[in-house]
$ cat coords.txt   # compact mmCIF, C-alpha atoms
# COMPACT_ATOMS: atom_id res chain seq x y z
CA MET A 1 197.52 61.11 44.43
CA SER A 2 194.17 59.94 45.83
CA GLU A 3 190.94 60.86 44.10
CA LEU A 4 188.69 63.41 45.79
CA VAL A 5 184.95 62.97 46.31
CA SER A 6 182.83 66.12 46.04
CA THR A 7 180.60 66.83 49.04
CA GLY A 8 177.95 68.58 46.97
CA VAL A 9 178.08 71.60 49.27
CA GLU A 10 178.90 74.89 47.60
CA GLY A 11 181.92 76.41 49.30
CA LEU A 12 182.88 73.38 51.37
CA ASP A 13 184.68 71.68 48.49
CA SER A 14 186.81 74.80 48.11
CA ILE A 15 187.79 74.63 51.77
CA LEU A 16 188.68 70.96 51.23
CA THR A 17 190.61 71.88 48.06
CA GLY A 18 188.34 69.68 45.98
CA GLY A 19 186.48 67.31 48.27
CA ILE A 20 187.00 64.35 50.60
CA THR A 21 189.69 61.77 49.90
CA GLU A 22 188.18 58.69 48.32
CA ARG A 23 187.56 55.74 50.70
CA SER A 24 188.01 57.85 53.82
CA THR A 25 185.76 58.01 56.89
CA VAL A 26 184.91 61.52 58.03
CA LEU A 27 183.40 62.42 61.40
CA VAL A 28 180.71 65.12 61.16
CA SER A 29 179.99 66.57 64.61
CA GLY A 30 177.70 69.23 66.03
CA ASN A 31 174.76 70.05 68.24
CA PRO A 32 171.25 68.91 67.30
CA GLY A 33 169.85 71.12 64.55
CA THR A 34 173.15 72.29 63.12
CA GLY A 35 172.57 70.64 59.72
CA LYS A 36 174.50 67.39 60.02
CA SER A 37 171.75 65.15 58.68
CA ILE A 38 170.97 67.63 55.91
CA PHE A 39 174.65 67.47 54.97
CA GLY A 40 174.44 63.68 54.75
CA ILE A 41 171.33 63.79 52.58
CA GLN A 42 172.87 66.41 50.31
CA TYR A 43 176.09 64.39 50.03
CA LEU A 44 174.26 61.28 48.83
CA TYR A 45 171.91 63.20 46.54
CA HIS A 46 174.78 65.05 44.87
CA GLY A 47 176.71 61.80 44.46
CA VAL A 48 173.92 60.23 42.39
CA THR A 49 172.76 63.24 40.40
CA GLU A 50 176.17 64.74 39.59
CA HIS A 51 178.61 61.81 39.67
CA ASP A 52 176.55 58.67 39.14
CA GLU A 53 177.72 57.39 42.56
CA ARG A 54 175.15 55.36 44.47
CA GLY A 55 174.78 55.80 48.22
CA VAL A 56 173.54 54.23 51.45
CA TYR A 57 171.94 56.14 54.32
CA VAL A 58 172.10 54.22 57.62
CA SER A 59 169.95 55.69 60.37
CA PHE A 60 169.63 54.48 63.95
CA GLU A 61 167.30 57.37 64.80
CA GLU A 62 164.87 58.04 61.92
CA ASP A 63 162.38 56.15 59.79
CA GLU A 64 162.70 56.24 56.01
CA ALA A 65 159.70 58.59 55.80
CA ASP A 66 161.48 61.09 58.07
CA ILE A 67 164.60 61.07 55.88
CA ARG A 68 162.57 61.54 52.71
CA GLY A 69 160.72 64.40 54.39
CA ALA A 70 163.97 66.11 55.42
CA ALA A 71 165.18 65.96 51.80
CA GLU A 72 161.94 67.42 50.49
CA SER A 73 162.08 70.21 53.09
CA ILE A 74 165.22 71.63 51.44
CA GLY A 75 163.93 71.23 47.90
CA LEU A 76 165.56 67.91 46.96
CA GLU A 77 162.29 66.63 45.51
CA GLU A 78 163.98 63.86 43.51
CA PHE A 79 165.50 62.25 46.60
CA GLY A 80 162.51 59.96 47.06
CA ASP A 81 162.68 58.91 43.40
CA LEU A 82 166.35 58.00 43.86
CA VAL A 83 165.40 55.85 46.85
CA ASP A 84 162.63 54.18 44.85
CA SER A 85 165.06 53.43 42.01
CA GLY A 86 167.67 51.95 44.37
CA ASP A 87 170.32 54.59 43.66
CA ILE A 88 170.05 55.56 47.33
CA VAL A 89 169.30 52.80 49.84
CA ILE A 90 167.97 53.72 53.27
CA LEU A 91 168.55 51.35 56.19
CA ASP A 92 166.42 53.00 58.84
CA LYS A 93 166.02 52.40 62.55
CA ARG A 94 163.45 49.67 61.98
CA GLU A 95 166.07 47.71 60.04
CA MET A 96 169.15 48.53 62.12
CA LEU A 97 167.59 48.18 65.58
CA ARG A 98 165.59 45.05 64.85
CA GLU A 99 168.18 43.15 66.87
CA THR A 100 170.13 44.45 69.84
CA ASP A 101 173.60 43.14 68.97
CA PHE A 102 176.26 44.86 66.90
CA SER A 103 177.09 41.94 64.63
CA THR A 104 173.51 41.62 63.36
CA ALA A 105 173.33 45.32 62.52
CA VAL A 106 176.66 45.21 60.69
CA ASP A 107 175.65 42.04 58.83
CA ARG A 108 172.56 43.85 57.58
CA LEU A 109 174.74 46.69 56.32
CA LEU A 110 177.26 44.31 54.74
CA ASP A 111 174.52 42.52 52.87
CA THR A 112 173.80 45.85 51.20
CA VAL A 113 177.30 47.13 50.39
CA GLU A 114 179.48 44.05 49.90
CA ASP A 115 178.77 43.76 46.17
CA GLY A 116 180.67 47.00 45.59
CA GLU A 117 177.80 48.76 43.86
CA PHE A 118 177.81 51.72 46.26
CA ASP A 119 180.31 54.56 46.56
CA ARG A 120 179.03 56.74 49.42
CA LEU A 121 177.66 56.05 52.88
CA VAL A 122 176.19 58.15 55.69
CA LEU A 123 175.85 56.75 59.23
CA ASP A 124 173.40 58.72 61.38
CA SER A 125 174.38 58.67 64.10
CA LEU A 126 177.61 57.35 65.54
CA SER A 127 176.33 58.24 69.00
CA MET A 128 173.56 55.64 68.69
CA PHE A 129 175.95 53.17 67.04
CA GLN A 130 178.21 53.30 70.09
CA LEU A 131 175.37 52.32 72.41
CA PHE A 132 175.99 48.74 71.31
CA PHE A 133 179.14 48.76 73.46
CA ASP A 134 179.85 49.21 77.15
CA ALA A 135 183.63 49.40 77.41
CA GLU A 136 185.70 52.16 75.80
CA GLN A 137 188.21 49.65 74.46
CA GLU A 138 185.39 47.72 72.81
CA LYS A 139 184.14 50.92 71.16
CA ARG A 140 187.62 51.66 69.83
CA THR A 141 188.12 48.15 68.45
CA TYR A 142 184.79 48.00 66.67
CA LEU A 143 184.97 51.56 65.34
CA LEU A 144 188.32 50.75 63.73
CA LYS A 145 186.93 47.49 62.40
CA PHE A 146 183.82 49.20 61.07
CA SER A 147 185.89 51.90 59.36
CA ASP A 148 188.04 49.23 57.70
CA ILE A 149 184.90 47.44 56.48
CA LEU A 150 183.61 50.61 54.85
CA LYS A 151 186.92 51.30 53.13
CA ALA A 152 187.30 47.69 51.97
CA ASN A 153 183.94 48.02 50.24
CA GLY A 154 185.01 51.15 48.40
CA LEU A 155 182.89 53.59 50.41
CA THR A 156 183.64 57.22 51.20
CA SER A 157 181.70 57.71 54.42
CA LEU A 158 180.30 60.40 56.68
CA LEU A 159 179.84 59.36 60.32
CA ILE A 160 177.47 61.80 62.01
CA ASN A 161 178.12 62.45 65.68
CA GLU A 162 175.87 64.29 68.15
CA GLN A 163 177.88 66.67 70.29
CA GLY A 164 176.77 68.18 73.56
CA ALA A 165 179.24 71.05 73.76
CA VAL A 166 178.60 74.21 71.75
CA PHE A 167 182.28 74.73 71.06
CA PRO A 168 183.99 71.76 69.39
CA ASP A 169 187.34 72.13 71.16
CA THR A 170 185.69 71.47 74.51
CA GLU A 171 184.51 67.95 73.69
CA VAL A 172 186.98 65.69 71.88
CA GLY A 173 186.18 61.98 71.94
CA LEU A 174 188.04 58.90 70.87
CA GLU A 175 186.20 58.84 67.55
CA ASN A 176 187.91 62.12 66.56
CA PHE A 177 191.25 60.35 66.48
CA LEU A 178 190.07 57.17 64.77
CA THR A 179 188.58 58.80 61.68
CA ASP A 180 190.35 60.30 58.66
CA GLY A 181 188.73 63.70 58.95
CA ASN A 182 186.76 65.89 61.34
CA ILE A 183 184.14 68.42 60.23
CA TYR A 184 182.23 70.46 62.82
CA PHE A 185 178.92 72.24 62.38
CA ILE A 186 178.45 75.08 64.87
CA GLN A 187 175.46 77.28 65.61
CA THR A 188 175.26 80.22 67.98
CA PRO A 189 172.12 82.11 69.08
CA THR A 190 171.45 85.69 68.04
CA ASP A 191 168.60 88.12 68.68
CA SER A 192 167.06 87.19 65.33
CA GLY A 193 167.77 83.44 65.31
CA VAL A 194 171.06 81.58 64.93
CA ASN A 195 174.34 81.98 63.09
CA ARG A 196 175.77 78.82 61.57
CA TYR A 197 179.41 77.95 60.86
CA VAL A 198 181.46 75.04 59.55
CA TRP A 199 184.98 74.10 60.62
CA VAL A 200 187.12 71.47 58.90
CA ALA A 201 189.47 70.63 61.76
CA LYS A 202 191.32 67.69 60.21
CA MET A 203 191.57 65.84 56.93
CA ARG A 204 194.38 63.34 56.51
CA LYS A 205 196.44 63.49 53.33
CA GLN A 206 194.85 66.82 52.34
CA ASP A 207 195.86 70.46 52.38
CA ILE A 208 192.81 72.16 53.90
CA ASP A 209 191.72 75.57 55.14
CA THR A 210 191.22 75.15 58.91
CA ASP A 211 189.50 78.48 59.50
CA ILE A 212 185.80 78.63 60.44
CA PHE A 213 183.40 79.82 57.74
CA PRO A 214 179.77 80.98 57.85
CA MET A 215 177.13 78.74 56.32
CA GLU A 216 173.39 78.70 55.81
CA ILE A 217 170.68 76.14 55.17
CA GLY A 218 168.18 76.99 52.47
CA GLU A 219 166.66 75.73 49.24
CA GLY A 220 168.93 72.99 47.94
CA GLY A 221 170.58 72.42 51.31
CA ILE A 222 173.75 73.84 52.83
CA THR A 223 175.84 76.64 51.36
CA VAL A 224 179.23 77.56 52.85
CA HIS A 225 180.40 81.13 52.28
CA GLU A 226 184.13 80.64 52.00
CA GLY A 227 184.44 84.02 50.28
CA ALA A 228 183.12 85.78 53.38
CA GLY A 229 186.41 85.31 55.21
CA GLY A 230 186.98 82.75 57.89
CA PHE A 231 188.19 83.16 61.42
CA SER A 232 190.64 80.92 63.18
CA MET A 233 190.17 78.74 66.26
CA MET A 234 193.66 79.89 67.24
CA GLY A 235 192.42 83.29 68.41
CA ARG A 236 192.73 85.92 65.72
CA SER A 237 191.87 89.48 66.61
CA GLU A 238 189.14 89.58 63.95
CA GLU A 239 187.18 86.69 65.42
CA PRO A 240 183.50 87.53 65.81
CA SER A 241 182.12 87.18 69.32
CA PHE A 242 179.73 84.26 69.99
$ encode --input "coords.txt" --output "structure tokens"
Amino acid sequence: MSELVSTGVEGLDSILTGGITERSTVLVSGNPGTGKSIFGIQYLYHGVTEHDERGVYVSFEEDEADIRGAAESIGLEEFGDLVDSGDIVILDKREMLRETDFSTAVDRLLDTVEDGEFDRLVLDSLSMFQLFFDAEQEKRTYLLKFSDILKANGLTSLLINEQGAVFPDTEVGLENFLTDGNIYFIQTPTDSGVNRYVWVAKMRKQDIDTDIFPMEIGEGGITVHEGAGGFSMMGRSEEPSF
């Protein structure tokens, strides 16, 4: 049986019956502001502090200072120290977009991970990554190749994907079928703010709970309330109205 990698998110590991399968690539999708990047930061932070697993954060959209600031905003004050010590390496947009071709960006990443000293990786975001390619077939080929590279280097990876649709079942792209798992972050407006939910739609080789569960972002990051009772995308009568 494959080893499982803890996400570091209270409640989510229970939904995943322990965590993410080691050396898998998991697509993390949602609208802007749903907590995807926070999830990635929390995943890497937890890997170092709880499991002695080093991580790489690859960002095509943010500078290193922005990522450090996001970690501090949820109370992960030691995140910057872990970056300074090399336990977490940040390849930010200045590094990854220095050249405009895919091979140069991947070479820069490979130079970091090919020695096998890292266990976890976050790519933020896949949407920007795909801008390197024009044709859909080219995207498919290189996404498969990229996923194989990550696995070959022993990495369990989160690929963050910006989604335009509010409801995940209305926007399913090719990347959903080419990754080992799909996790969706959903937020819906209310009179007092927003309600947030998480849905693990797919995870290969794992027995998972595919209901949708409420979550919140606070001190320490994301908490998923799996004990609150989920509701199904299949249309149960107890589904709350969005």
$ closest_residue --input "coords.txt" --among "A:Thr25, A:Gln163, A:Gln187, A:Asn182" --to "Ile149 in chain A" --atoms "all atoms listed in the file"
A:Thr25
$ closest_residue --input "coords.txt" --among "A:Asp180, A:Asp84, A:Glu50, A:Asp191" --to "Val28 in chain A" --atoms "all atoms listed in the file"
A:Asp180
$ closest_residue --input "coords.txt" --among "A:Leu97, A:Ile183, A:Ile15, A:Leu109" --to "Trp199 in chain A" --atoms "all atoms listed in the file"
A:Ile183
$ closest_atom_pairs --input "coords.txt" --of "range 112-206 of chain A" --to "range 60-82 of chain A" --cutoff "10 Å" --atoms "only C-alpha atoms" --output "Markdown table"
| residue | atom | partner | partner_atom | distance |
| --- | --- | --- | --- | --- |
| A:Leu123 | CA | A:Phe60 | CA | 8.1 |
| A:Asp124 | CA | A:Phe60 | CA | 6.2 |
| A:Ser125 | CA | A:Phe60 | CA | 6.3 |
| A:Leu126 | CA | A:Phe60 | CA | 8.6 |
| A:Ser127 | CA | A:Phe60 | CA | 9.2 |
| A:Met128 | CA | A:Phe60 | CA | 6.3 |
| A:Phe129 | CA | A:Phe60 | CA | 7.2 |
$ atom_distance --input "coords.txt" --atom1 "CA of Tyr57 in chain A" --atom2 "CA of Gly116 in chain A"
15.4 Å
$ residues_around --input "coords.txt" --residues "Glu162 in chain A" --least-positions-apart "4" --cutoff "7 Å" --atoms "all atoms listed in the file" --output "MDAnalysis selection string"
chainID A and resid 29:32 127
$ atom_distance --input "coords.txt" --atom1 "CA of Gly35 in chain A" --atom2 "CA of Ser147 in chain A"
23.0 Å
$ atom_distance --input "coords.txt" --atom1 "CA of Ser2 in chain A" --atom2 "CA of Ile88 in chain A"
24.6 Å
$ closest_residue --input "coords.txt" --among "A:Met96, A:Ala201, A:Val56, A:Leu178" --to "Leu121 in chain A" --atoms "all atoms listed in the file"
A:Val56
$ residues_around --input "coords.txt" --residues "Val5 in chain A" --least-positions-apart "3" --cutoff "6 Å" --atoms "all atoms listed in the file" --output "number ranges by chain"
A: 19-20, 22
$ write_last_selection --input "coords.txt" --atoms "C-alpha atoms" --output "mmCIF file, in the frame of the given file"
data_model
loop_
_atom_site.group_PDB
_atom_site.id
_atom_site.type_symbol
_atom_site.label_atom_id
_atom_site.label_comp_id
_atom_site.auth_asym_id
_atom_site.auth_seq_id
_atom_site.Cartn_x
_atom_site.Cartn_y
_atom_site.Cartn_z
ATOM 1 C CA GLY A 19 186.480 67.310 48.270
ATOM 2 C CA ILE A 20 187.000 64.350 50.600
ATOM 3 C CA GLU A 22 188.180 58.690 48.320
#
$ residues_around --input "coords.txt" --residues "range 39-41 of chain A" --least-positions-apart "2" --cutoff "8 Å" --atoms "only C-alpha atoms" --output "MDAnalysis selection string"
chainID A and resid 9 35:37 43:45 57 67 71 122 158 221:222
$ residues_around --input "coords.txt" --residues "Asp115 in chain A" --least-positions-apart "3" --cutoff "10 Å" --atoms "only C-alpha atoms" --output "list in words"
Leu110, Asp111, Thr112, Phe118, Asn153 and Gly154 of chain A
$ residues_near_point --input "coords.txt" --point "(184.2, 78.8, 50.2)" --cutoff "8 Å" --atoms "all atoms listed in the file" --output "list of chain:residue names"
A:Glu10, A:Gly11, A:Leu12, A:Asp13, A:Ser14, A:Ile15, A:Phe213, A:Val224, A:His225, A:Glu226, A:Gly227, A:Ala228
$ closest_residue --input "coords.txt" --among "A:Gly181, A:Gly8, A:Gly86, A:Gly218" --to "Gly55 in chain A" --atoms "all atoms listed in the file"
A:Gly86
$ closest_residue --input "coords.txt" --among "A:Asp134, A:Phe185, A:Val106, A:Leu27" --to "Phe146 in chain A" --atoms "only C-alpha atoms"
A:Val106
$ axis_aligned_box --input "coords.txt" --around "range 89-100 of chain A" --padding-each-side "5 Å" --output "JSON"
{"center_x": 166.8, "center_y": 48.4, "center_z": 59.8, "size_x": 16.7, "size_y": 20.6, "size_z": 30.0}
$ residues_near_point --input "coords.txt" --point "(198.2, 69.7, 52.6)" --cutoff "12 Å" --atoms "only C-alpha atoms" --output "list in words"
Met1, Ile15, Leu16, Thr17, Gly18, Thr21, Lys202, Met203, Arg204, Lys205, Gln206, Asp207, Ile208, Asp209 and Thr210 of chain A
$ residues_around --input "coords.txt" --residues "Thr156 in chain A" --least-positions-apart "5" --cutoff "6 Å" --atoms "only C-alpha atoms" --output "number ranges by chain"
A: 22-24, 120
